[in-house]
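Novice: So that you have it, the file is data.pdb, and it contains PDB, C-alpha atoms:
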```pdb
ATOM      1  CA  MET A 389      82.140 173.501  85.626
ATOM      2  CA  LYS A 390      82.236 170.630  88.094
ATOM      3  CA  HIS A 391      81.337 167.236  86.634
ATOM      4  CA  LYS A 392      79.610 164.549  88.657
ATOM      5  CA  LEU A 393      80.615 160.906  88.261
ATOM      6  CA  LEU A 394      78.471 157.898  89.131
ATOM      7  CA  LEU A 395      80.183 154.537  89.686
ATOM      8  CA  LEU A 396      78.058 151.510  88.824
ATOM      9  CA  THR A 397      80.373 148.520  89.162
ATOM     10  CA  ARG A 398      80.822 145.572  91.450
ATOM     11  CA  GLU A 399      84.200 147.044  92.441
ATOM     12  CA  ASN A 400      83.210 150.614  93.303
ATOM     13  CA  ASP A 401      85.643 150.870  96.215
ATOM     14  CA  ARG A 402      88.526 149.794  94.007
ATOM     15  CA  TYR A 403      87.594 152.353  91.358
ATOM     16  CA  ARG A 404      87.259 155.115  93.961
ATOM     17  CA  SER A 405      90.770 154.357  95.169
ATOM     18  CA  LEU A 406      92.229 154.275  91.670
ATOM     19  CA  LEU A 407      90.537 157.487  90.531
ATOM     20  CA  ALA A 408      91.601 159.296  93.689
ATOM     21  CA  CYS A 409      95.208 158.668  92.661
ATOM     22  CA  CYS A 410      94.565 160.173  89.225
ATOM     23  CA  HIS A 411      93.785 163.647  90.624
ATOM     24  CA  LEU A 412      91.104 164.353  88.035
ATOM     25  CA  PRO A 413      90.142 168.045  88.064
ATOM     26  CA  ASP A 414      86.572 169.280  88.587
ATOM     27  CA  LEU A 415      85.193 165.803  89.250
ATOM     28  CA  GLU A 416      82.902 164.844  92.119
ATOM     29  CA  LEU A 417      82.092 161.188  92.820
ATOM     30  CA  LEU A 418      78.468 160.533  93.720
ATOM     31  CA  ASN A 419      76.857 157.663  95.559
ATOM     32  CA  ASP A 420      74.839 155.139  93.540
ATOM     33  CA  ASN A 421      71.497 156.178  94.989
ATOM     34  CA  PRO A 422      68.467 157.726  93.208
ATOM     35  CA  SER A 423      69.833 161.235  93.717
ATOM     36  CA  GLY A 424      73.238 160.305  92.316
ATOM     37  CA  ILE A 425      71.704 158.587  89.295
ATOM     38  CA  ARG A 426      69.718 161.713  88.451
ATOM     39  CA  ARG A 427      72.524 164.217  89.050
ATOM     40  CA  ALA A 428      75.515 162.520  87.411
ATOM     41  CA  ASP A 429      76.550 163.664  83.937
ATOM     42  CA  ILE A 430      79.246 160.953  83.665
ATOM     43  CA  TRP A 431      78.873 157.256  84.441
ATOM     44  CA  LEU A 432      81.631 154.674  84.820
ATOM     45  CA  ALA A 433      79.545 151.546  84.670
ATOM     46  CA  GLU A 434      79.067 147.886  83.903
ATOM     47  CA  PRO A 435      76.458 147.612  81.124
ATOM     48  CA  GLY A 436      74.317 145.124  83.046
ATOM     49  CA  LEU A 437      74.053 147.486  86.018
ATOM     50  CA  ALA A 438      73.591 150.635  83.952
ATOM     51  CA  ALA A 439      70.977 149.500  81.431
ATOM     52  CA  PRO A 440      67.992 149.282  83.844
ATOM     53  CA  LEU A 441      68.743 152.757  85.232
ATOM     54  CA  LEU A 442      69.170 154.744  82.021
ATOM     55  CA  GLY A 443      65.611 156.033  82.173
ATOM     56  CA  HIS A 444      66.411 157.843  85.435
ATOM     57  CA  ALA A 445      69.612 159.506  84.206
ATOM     58  CA  ASP A 446      68.438 163.098  83.790
ATOM     59  CA  ARG A 447      71.847 164.654  83.084
ATOM     60  CA  LEU A 448      73.870 161.859  81.473
ATOM     61  CA  ARG A 449      76.280 163.093  78.788
ATOM     62  CA  TRP A 450      78.895 160.345  78.681
ATOM     63  CA  MET A 451      79.141 156.760  79.909
ATOM     64  CA  GLN A 452      82.403 154.844  80.046
ATOM     65  CA  SER A 453      81.645 151.119  80.014
ATOM     66  CA  THR A 454      83.984 148.936  82.041
ATOM     67  CA  PHE A 455      83.466 146.128  79.506
ATOM     68  CA  ALA A 456      84.072 145.786  75.777
ATOM     69  CA  GLY A 457      80.614 144.309  75.218
ATOM     70  CA  VAL A 458      77.806 146.874  75.453
ATOM     71  CA  ASP A 459      74.949 144.849  73.950
ATOM     72  CA  LEU A 460      72.513 145.790  76.729
ATOM     73  CA  LEU A 461      73.115 149.487  76.096
ATOM     74  CA  VAL A 462      72.660 149.519  72.323
ATOM     75  CA  LYS A 463      69.347 147.697  72.001
ATOM     76  CA  PRO A 464      66.906 149.488  69.645
ATOM     77  CA  LYS A 465      64.653 150.865  72.403
ATOM     78  CA  GLN A 466      67.470 152.102  74.647
ATOM     79  CA  ARG A 467      68.203 155.827  74.734
ATOM     80  CA  ARG A 468      71.051 157.115  72.594
ATOM     81  CA  ASP A 469      71.286 160.786  73.588
ATOM     82  CA  TYR A 470      74.729 160.485  75.185
ATOM     83  CA  GLN A 471      78.245 159.416  74.285
ATOM     84  CA  LEU A 472      79.044 155.779  75.022
ATOM     85  CA  THR A 473      82.613 154.517  75.122
ATOM     86  CA  ASN A 474      83.840 151.027  75.880
ATOM     87  CA  VAL A 475      87.111 149.310  76.716
ATOM     88  CA  ARG A 476      89.299 148.205  73.831
ATOM     89  CA  GLY A 477      92.906 147.445  73.102
ATOM     90  CA  ILE A 478      93.670 145.615  76.372
ATOM     91  CA  PHE A 479      92.214 142.165  75.734
ATOM     92  CA  GLY A 480      94.481 140.823  72.981
ATOM     93  CA  PRO A 481      97.218 139.359  75.233
ATOM     94  CA  LEU A 482      94.675 137.854  77.649
ATOM     95  CA  MET A 483      92.615 136.287  74.874
ATOM     96  CA  SER A 484      95.749 134.885  73.242
ATOM     97  CA  GLU A 485      96.788 133.259  76.508
ATOM     98  CA  TYR A 486      93.340 131.691  76.832
ATOM     99  CA  LEU A 487      93.096 130.415  73.267
ATOM    100  CA  PHE A 488      96.616 129.032  72.941
ATOM    101  CA  GLY A 489      96.554 127.583  76.440
ATOM    102  CA  TYR A 490      93.678 125.309  75.446
ATOM    103  CA  LEU A 491      94.888 124.784  71.886
ATOM    104  CA  LEU A 492      98.367 123.677  72.946
ATOM    105  CA  ALA A 493      96.960 121.428  75.658
ATOM    106  CA  ARG A 494      94.884 119.699  72.982
ATOM    107  CA  GLN A 495      97.716 119.423  70.466
ATOM    108  CA  ARG A 496     100.143 118.074  73.067
ATOM    109  CA  ASP A 497      97.682 115.586  74.601
ATOM    110  CA  HIS A 498      97.956 117.017  78.115
ATOM    111  CA  GLN A 499      94.929 115.109  79.366
ATOM    112  CA  LEU A 500      96.194 111.809  77.971
ATOM    113  CA  TYR A 501      99.491 112.081  79.828
ATOM    114  CA  LYS A 502      97.771 113.192  83.019
ATOM    115  CA  ASN A 503      95.593 110.076  82.849
ATOM    116  CA  GLN A 504      98.645 107.902  82.197
ATOM    117  CA  GLN A 505     100.424 109.484  85.160
ATOM    118  CA  GLN A 506      97.585 108.480  87.464
ATOM    119  CA  GLN A 507      97.925 104.919  86.197
ATOM    120  CA  LYS A 508     101.760 105.057  86.326
ATOM    121  CA  VAL A 509     101.929 104.269  82.625
ATOM    122  CA  TRP A 510     104.998 105.269  80.565
ATOM    123  CA  LEU A 511     103.786 105.364  76.981
ATOM    124  CA  PRO A 512     104.941 108.104  74.590
ATOM    125  CA  GLY A 513     102.248 109.155  72.141
ATOM    126  CA  SER A 514     102.237 111.103  68.897
ATOM    127  CA  TYR A 515     101.167 114.701  69.226
ATOM    128  CA  LYS A 516     100.309 117.273  66.578
ATOM    129  CA  THR A 517     102.245 120.450  65.915
ATOM    130  CA  LEU A 518     100.634 123.815  65.243
ATOM    131  CA  GLN A 519     103.146 124.478  62.475
ATOM    132  CA  GLY A 520     101.416 124.551  59.110
ATOM    133  CA  SER A 521      97.915 124.335  60.579
ATOM    134  CA  GLU A 522      95.238 126.900  59.758
ATOM    135  CA  LEU A 523      93.549 129.275  62.189
ATOM    136  CA  LEU A 524      90.317 130.944  61.093
ATOM    137  CA  LEU A 525      89.481 134.122  63.027
ATOM    138  CA  LEU A 526      85.954 135.493  62.781
ATOM    139  CA  GLY A 527      86.748 139.150  63.368
ATOM    140  CA  THR A 528      89.924 141.104  62.679
ATOM    141  CA  GLY A 529      89.884 143.773  65.413
ATOM    142  CA  SER A 530      92.539 144.434  68.032
ATOM    143  CA  ILE A 531      91.976 141.113  69.819
ATOM    144  CA  ALA A 532      92.127 139.110  66.600
ATOM    145  CA  LYS A 533      95.260 140.949  65.486
ATOM    146  CA  HIS A 534      97.056 139.933  68.663
ATOM    147  CA  ILE A 535      95.897 136.320  68.327
ATOM    148  CA  ALA A 536      97.051 136.317  64.689
ATOM    149  CA  GLN A 537     100.455 137.616  65.731
ATOM    150  CA  THR A 538     100.766 134.864  68.342
ATOM    151  CA  ALA A 539      99.671 132.254  65.804
ATOM    152  CA  LYS A 540     102.438 133.362  63.474
ATOM    153  CA  HIS A 541     105.008 132.606  66.179
ATOM    154  CA  PHE A 542     103.760 129.000  66.089
ATOM    155  CA  GLY A 543     103.996 128.856  62.292
ATOM    156  CA  MET A 544     100.257 128.832  61.635
ATOM    157  CA  ARG A 545      98.443 130.159  58.585
ATOM    158  CA  VAL A 546      95.863 132.758  59.609
ATOM    159  CA  THR A 547      92.668 133.616  57.745
ATOM    160  CA  GLY A 548      90.374 136.401  58.914
ATOM    161  CA  ILE A 549      86.781 137.447  58.300
ATOM    162  CA  ASN A 550      85.528 141.018  58.555
ATOM    163  CA  ARG A 551      82.676 143.135  57.165
ATOM    164  CA  SER A 552      84.410 144.351  53.999
ATOM    165  CA  ALA A 553      87.370 142.001  53.412
ATOM    166  CA  LYS A 554      89.610 144.907  54.381
ATOM    167  CA  PRO A 555      93.275 143.818  54.319
ATOM    168  CA  THR A 556      94.671 143.547  57.844
ATOM    169  CA  PRO A 557      98.338 143.179  58.865
ATOM    170  CA  GLY A 558      99.225 139.769  60.281
ATOM    171  CA  PHE A 559      96.666 137.797  58.263
ATOM    172  CA  ASP A 560      97.467 135.617  55.252
ATOM    173  CA  GLU A 561      93.971 136.048  53.847
ATOM    174  CA  ILE A 562      90.976 138.282  54.594
ATOM    175  CA  THR A 563      87.458 137.777  53.327
ATOM    176  CA  THR A 564      83.818 138.267  54.362
ATOM    177  CA  LEU A 565      81.232 136.083  56.100
ATOM    178  CA  ASN A 566      79.991 134.941  52.696
ATOM    179  CA  ALA A 567      83.092 132.757  52.415
ATOM    180  CA  LEU A 568      82.598 131.076  55.808
ATOM    181  CA  PRO A 569      81.211 127.766  54.405
ATOM    182  CA  GLU A 570      84.375 127.309  52.340
ATOM    183  CA  LEU A 571      86.865 128.508  54.939
ATOM    184  CA  ILE A 572      85.531 126.492  57.859
ATOM    185  CA  GLN A 573      86.043 123.250  55.935
ATOM    186  CA  ARG A 574      89.815 123.729  55.818
ATOM    187  CA  ALA A 575      90.396 125.313  59.246
ATOM    188  CA  ASP A 576      92.056 123.315  62.008
ATOM    189  CA  ALA A 577      91.020 125.877  64.631
ATOM    190  CA  ILE A 578      88.210 128.418  64.472
ATOM    191  CA  ALA A 579      87.761 131.322  66.866
ATOM    192  CA  SER A 580      84.799 133.688  66.867
ATOM    193  CA  ILE A 581      85.534 137.147  68.247
ATOM    194  CA  LEU A 582      82.615 138.769  66.430
ATOM    195  CA  PRO A 583      80.384 141.445  67.941
ATOM    196  CA  SER A 584      76.644 140.876  68.228
ATOM    197  CA  THR A 585      74.967 142.409  65.174
ATOM    198  CA  GLU A 586      72.107 141.503  62.836
ATOM    199  CA  GLN A 587      74.666 140.058  60.428
ATOM    200  CA  THR A 588      76.517 137.921  62.977
ATOM    201  CA  ARG A 589      73.769 136.490  65.193
ATOM    202  CA  GLY A 590      73.441 132.751  64.620
ATOM    203  CA  VAL A 591      76.119 132.656  61.934
ATOM    204  CA  LEU A 592      77.625 129.517  63.489
ATOM    205  CA  ASN A 593      74.515 127.463  62.843
ATOM    206  CA  LYS A 594      73.815 123.795  62.239
ATOM    207  CA  ASP A 595      74.769 123.888  58.560
ATOM    208  CA  ILE A 596      78.036 125.749  59.134
ATOM    209  CA  LEU A 597      79.061 123.592  62.098
ATOM    210  CA  SER A 598      78.494 120.433  60.053
ATOM    211  CA  LEU A 599      81.251 121.572  57.670
ATOM    212  CA  MET A 600      84.040 121.537  60.265
ATOM    213  CA  LYS A 601      86.915 119.092  59.894
ATOM    214  CA  GLU A 602      86.620 115.910  61.956
ATOM    215  CA  ASP A 603      89.373 117.042  64.335
ATOM    216  CA  ALA A 604      88.705 120.801  64.343
ATOM    217  CA  VAL A 605      88.493 122.863  67.532
ATOM    218  CA  LEU A 606      86.052 125.763  67.844
ATOM    219  CA  PHE A 607      86.408 128.707  70.259
ATOM    220  CA  ASN A 608      83.554 131.099  70.987
ATOM    221  CA  LEU A 609      85.085 134.150  72.667
ATOM    222  CA  GLY A 610      83.144 137.149  71.369
ATOM    223  CA  ARG A 611      79.371 137.051  71.825
ATOM    224  CA  GLY A 612      77.197 134.118  72.798
ATOM    225  CA  ASP A 613      74.491 134.727  70.192
ATOM    226  CA  VAL A 614      76.907 134.194  67.287
ATOM    227  CA  LEU A 615      76.743 130.459  68.036
ATOM    228  CA  ASP A 616      73.684 128.184  67.961
ATOM    229  CA  LEU A 617      74.462 126.323  71.175
ATOM    230  CA  ASP A 618      71.780 123.679  70.668
ATOM    231  CA  ALA A 619      73.172 122.873  67.232
ATOM    232  CA  LEU A 620      76.688 122.746  68.667
ATOM    233  CA  ALA A 621      75.648 120.224  71.330
ATOM    234  CA  ILE A 622      74.280 117.928  68.614
ATOM    235  CA  GLN A 623      77.396 118.422  66.470
ATOM    236  CA  MET A 624      79.819 117.652  69.313
ATOM    237  CA  ALA A 625      77.868 114.545  70.296
ATOM    238  CA  LYS A 626      78.102 113.257  66.710
ATOM    239  CA  GLN A 627      81.774 114.150  66.252
ATOM    240  CA  PRO A 628      83.791 113.150  69.346
ATOM    241  CA  GLY A 629      87.037 114.010  67.529
ATOM    242  CA  GLN A 630      86.058 117.662  67.444
ATOM    243  CA  GLN A 631      86.309 120.024  70.402
ATOM    244  CA  ALA A 632      84.596 123.252  71.442
ATOM    245  CA  VAL A 633      85.920 125.741  73.992
ATOM    246  CA  LEU A 634      83.151 128.128  75.061
ATOM    247  CA  ASP A 635      83.502 131.238  77.194
ATOM    248  CA  VAL A 636      80.404 133.259  76.219
ATOM    249  CA  PHE A 637      76.741 132.278  76.111
ATOM    250  CA  ASN A 638      73.319 133.713  75.270
ATOM    251  CA  GLN A 639      72.256 133.137  78.846
ATOM    252  CA  GLU A 640      74.789 133.520  81.638
ATOM    253  CA  PRO A 641      75.112 131.577  83.837
ATOM    254  CA  LEU A 642      74.553 128.742  81.382
ATOM    255  CA  PRO A 643      71.424 126.817  82.500
ATOM    256  CA  GLU A 644      72.271 123.585  84.308
ATOM    257  CA  GLU A 645      69.922 121.561  82.111
ATOM    258  CA  HIS A 646      71.689 122.371  78.837
ATOM    259  CA  PRO A 647      73.154 119.166  77.328
ATOM    260  CA  VAL A 648      76.425 120.854  76.375
ATOM    261  CA  TRP A 649      77.522 120.624  80.037
ATOM    262  CA  GLY A 650      77.843 116.846  79.819
ATOM    263  CA  LEU A 651      79.946 116.538  76.671
ATOM    264  CA  ASP A 652      83.534 115.356  77.119
ATOM    265  CA  ASN A 653      84.735 117.263  74.051
ATOM    266  CA  VAL A 654      83.344 120.618  75.247
ATOM    267  CA  ILE A 655      85.126 122.935  77.677
ATOM    268  CA  ILE A 656      82.988 125.555  79.417
ATOM    269  CA  THR A 657      84.434 128.590  81.206
ATOM    270  CA  PRO A 658      82.353 131.314  82.921
ATOM    271  CA  HIS A 659      83.171 134.338  80.720
ATOM    272  CA  ILE A 660      86.701 134.687  82.062
ATOM    273  CA  ALA A 661      88.853 134.605  78.910
ATOM    274  CA  ALA A 662      89.750 138.302  79.112
ATOM    275  CA  PRO A 663      88.429 140.192  82.144
ATOM    276  CA  SER A 664      88.490 143.978  82.447
ATOM    277  CA  PHE A 665      90.964 144.851  85.188
ATOM    278  CA  PRO A 666      90.032 148.037  87.092
ATOM    279  CA  GLU A 667      93.564 149.418  86.738
ATOM    280  CA  GLN A 668      93.321 149.275  82.952
ATOM    281  CA  VAL A 669      89.772 150.629  82.852
ATOM    282  CA  ALA A 670      90.720 153.521  85.130
ATOM    283  CA  GLU A 671      93.577 154.411  82.799
ATOM    284  CA  ILE A 672      91.243 154.495  79.791
ATOM    285  CA  PHE A 673      88.660 156.522  81.723
ATOM    286  CA  THR A 674      91.289 159.040  82.853
ATOM    287  CA  SER A 675      92.498 159.574  79.303
ATOM    288  CA  ASN A 676      88.945 160.030  78.050
ATOM    289  CA  TYR A 677      88.025 162.352  80.910
ATOM    290  CA  HIS A 678      90.770 164.793  79.954
ATOM    291  CA  LYS A 679      89.490 164.703  76.369
ATOM    292  CA  PHE A 680      85.933 165.232  77.617
ATOM    293  CA  LEU A 681      87.013 168.357  79.518
ATOM    294  CA  ILE A 682      88.386 170.059  76.402
ATOM    295  CA  GLY A 683      85.731 168.807  74.000
ATOM    296  CA  GLU A 684      88.052 166.430  72.144
ATOM    297  CA  ALA A 685      86.709 163.253  70.498
ATOM    298  CA  LEU A 686      86.609 160.389  72.997
ATOM    299  CA  SER A 687      88.513 157.172  72.368
ATOM    300  CA  HIS A 688      86.657 153.880  71.792
ATOM    301  CA  ARG A 689      83.317 155.551  71.124
ATOM    302  CA  VAL A 690      80.527 153.070  70.396
ATOM    303  CA  ASN A 691      78.429 153.375  67.255
ATOM    304  CA  PHE A 692      74.866 152.764  68.449
ATOM    305  CA  GLU A 693      73.751 151.643  64.983
ATOM    306  CA  ARG A 694      76.491 149.056  64.585
ATOM    307  CA  GLY A 695      76.327 148.002  68.198
ATOM    308  CA  TYR A 696      80.056 148.249  68.854
TER     309      TYR A 696
END
```
Written as structure tokens, how would this file's structure read?

Specialist:
Amino acid sequence: MKHKLLLLTRENDRYRSLLACCHLPDLELLNDNPSGIRRADIWLAEPGLAAPLLGHADRLRWMQSTFAGVDLLVKPKQRRDYQLTNVRGIFGPLMSEYLFGYLLARQRDHQLYKNQQQQKVWLPGSYKTLQGSELLLLGTGSIAKHIAQTAKHFGMRVTGINRSAKPTPGFDEITTLNALPELIQRADAIASILPSTEQTRGVLNKDILSLMKEDAVLFNLGRGDVLDLDALAIQMAKQPGQQAVLDVFNQEPLPEEHPVWGLDNVIITPHIAAPSFPEQVAEIFTSNYHKFLIGEALSHRVNFERGY
């Protein structure tokens, strides 16, 4: 049986080139036109491009998302009569680079010395070490495990939060979201890598944010709706010694009128902490395609009920 693949990405030409080198048997690539959408039984797609077209997919059996986040595809009213897989296991190193790049710059006063350089001022300061400080990770999946491992190299204590307090290698302590009010009070750095679920949406709210240490730094790297951005803007304005590094938002691009743009102790990046590189996605798709051919369970299958 010949399978028909629809590419729905902003880098279709790149994916066509990569897949051609993989020599995948019994696979025909279709054009992203109405006929292709109806005929394809496999999609390799970005969730934002695929979601509006699902209603026209007459033969869809499996979709490989090019992203880890598939929120737009698992909404309650979206169809669920196909297998959905996402991209996992490749973002840990990238996310670690992002988090510790900003964290080390803060600890070592990079901006202070850059300002002094412009003024030709020679004035050694006193920086903080990461050794002995506490990192709180909201989420303990593959990304969090890699961040925890990196943190250990810097001598940090690492606490993690997951759904069931399941022990996880690399963490000094694991608990559930119920303990967040206590844990956030002692954390020097907090990083949310949580998925978007009913239990996690809005968990970083006004009350929780108010419990952070006066010099704590908060990273939001998972899903935008975990954080109450309006509450964060108020919190950061009141506590100039704190810092927030934000890469994900409820609305992207972030509206120009939002007050968080103008805060000196907030860093905003446009969802670039850990991009999906086509070469890595193509490798995951190729592996899954061979499993699909022989009826084997696909890797990184999404649970529609959980949303991840």

Novice: Could you tell me, as an MDAnalysis selection string, exactly which residues end up selected when the PyMOL selection byres ((chain A and resi 537) around 12) is applied to this structure?

Specialist: chainID A and resid 480:481 484 488 523 525 528 530:536 538:547 556:560

Novice: Name the residues within 7 Å of (88.8, 134.0, 66.6), counting all atoms listed in the file in the file's coordinates, and put them as number ranges by chain.

Specialist: A: 524-527, 532, 578-581, 607

Novice: Which of these residues is nearest to Gly457 in chain A, using all atoms listed in the file: A:His659, A:Arg611, A:Arg551, A:Lys626?

Specialist: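 Answer, going by the shortest atom-to-atom distance: A:Arg611.
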
Novice: Using the chain letters and numbers from the file, which residues does the PyMOL selection byres ((chain A and resi 603) around 6) grab, as a VMD selection string?

Specialist: chain A and resid 601 to 602 604 629 to 630

Novice: On this file, the PyMOL selection byres ((chain A and resi 434) around 12) gives some set of residues; write that set as an MDAnalysis selection string.

Specialist: chainID A and resid 394:400 431:433 435:441 451:461 472:475 664 666 669

Novice: To one decimal place in Å, what is the distance between CA of Asn419 in chain A and CA of Ala445 in chain A?

Specialist: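 Answer for the CA of Asn419 in chain A to CA of Ala445 in chain A separation: 13.6 Å.
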
Novice: Report as a PyMOL selection string all protein, DNA and RNA residues lying within 10 Å of Thr563 in chain A, evaluated on all atoms listed in the file, omitting residues in the same chain fewer than 5 positions from it.

Specialist: chain A and resi 526+547-555+568+571

Novice: Mind pulling up the distance from CA of Val605 in chain A to CA of Ile655 in chain A?

Specialist: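 Computing the Euclidean distance for CA of Ile655 in chain A and CA of Val605 in chain A yields 10.7 Å.
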
Novice: Find the residues near Leu651 in chain A: any atom within 12 Å, counting only C-alpha atoms, skip ones fewer than 5 places away on the same chain, and give them as a count of residues only.

Specialist: 16

Novice: Pick out the residues sitting within 8 Å of Leu407 in chain A, and hand them over as a PyMOL selection string; count all atoms listed in the file, and ignore anything fewer than 4 positions along from it in its own chain.

Specialist: chain A and resi 403+411-412+670+674

Novice: Return the single residue from A:Leu406, A:Ile682, A:Leu418, A:Leu487 that is closest to Leu393 in chain A, with distances computed using all atoms listed in the file.

Specialist: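 Using all atoms listed in the file, the shortest distance to Leu393 in chain A belongs to A:Leu418.
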
Novice: Please, what distance in Å, to one decimal, runs between CA of Pro658 in chain A and CA of Tyr501 in chain A?

Specialist: 25.9 Å

Novice: Restricting the calculation to only C-alpha atoms: of A:Pro464, A:Pro422, A:Lys390, A:Gln506, which residue gets closest to Phe692 in chain A?

Specialist: A:Pro464

Novice: Quick one: of A:Ala619, A:Val648, A:Val614, A:Ala408, who's nearest to Ser584 in chain A, counting all atoms listed in the file?

Specialist: A:Val614

Novice: Between A:Asp616, A:Gln471, A:Asp446, A:Glu586, which residue has the minimum interatomic distance to Arg689 in chain A, considering only C-alpha atoms?

Specialist: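 Looking at the shortest contact to Arg689 in chain A, the residue is A:Gln471.
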
Novice: So that I can look at just that part, could you write range 605-618 of chain A with N, CA and C atoms, as a tab-separated table (two decimals), in the first residue's frame?

Specialist:
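Okay, this is what ended up in decode_0.tsv:
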```
chain	number	residue	atom	x	y	z
A	605	VAL	N	14.64	34.71	40.27
A	605	VAL	CA	14.45	34.87	38.82
A	605	VAL	C	13.51	33.77	38.35
A	606	LEU	N	12.53	34.16	37.54
A	606	LEU	CA	11.50	33.25	37.05
A	606	LEU	C	11.63	33.08	35.54
A	607	PHE	N	11.64	31.83	35.07
A	607	PHE	CA	11.65	31.52	33.64
A	607	PHE	C	10.33	30.86	33.27
A	608	ASN	N	9.69	31.34	32.22
A	608	ASN	CA	8.53	30.63	31.68
A	608	ASN	C	8.90	30.10	30.30
A	609	LEU	N	9.05	28.77	30.20
A	609	LEU	CA	9.59	28.15	28.99
A	609	LEU	C	8.67	27.09	28.41
A	610	GLY	N	7.61	26.73	29.13
A	610	GLY	CA	6.74	25.66	28.67
A	610	GLY	C	5.55	26.16	27.88
A	611	ARG	N	4.51	26.62	28.58
A	611	ARG	CA	3.30	27.11	27.94
A	611	ARG	C	2.92	28.46	28.54
A	612	GLY	N	2.48	29.36	27.69
A	612	GLY	CA	2.18	30.72	28.14
A	612	GLY	C	1.08	30.78	29.17
A	613	ASP	N	0.06	29.90	29.07
A	613	ASP	CA	-1.10	30.03	29.95
A	613	ASP	C	-0.85	29.51	31.36
A	614	VAL	N	0.34	28.99	31.64
A	614	VAL	CA	0.68	28.61	33.01
A	614	VAL	C	0.87	29.85	33.88
A	615	LEU	N	1.27	30.94	33.25
A	615	LEU	CA	1.60	32.19	33.95
A	615	LEU	C	0.54	33.25	33.72
A	616	ASP	N	0.13	33.92	34.81
A	616	ASP	CA	-0.74	35.09	34.72
A	616	ASP	C	0.16	36.29	34.41
A	617	LEU	N	0.21	36.67	33.15
A	617	LEU	CA	1.15	37.70	32.72
A	617	LEU	C	0.82	39.07	33.31
A	618	ASP	N	-0.46	39.37	33.47
A	618	ASP	CA	-0.84	40.64	34.07
A	618	ASP	C	-0.36	40.72	35.52
```
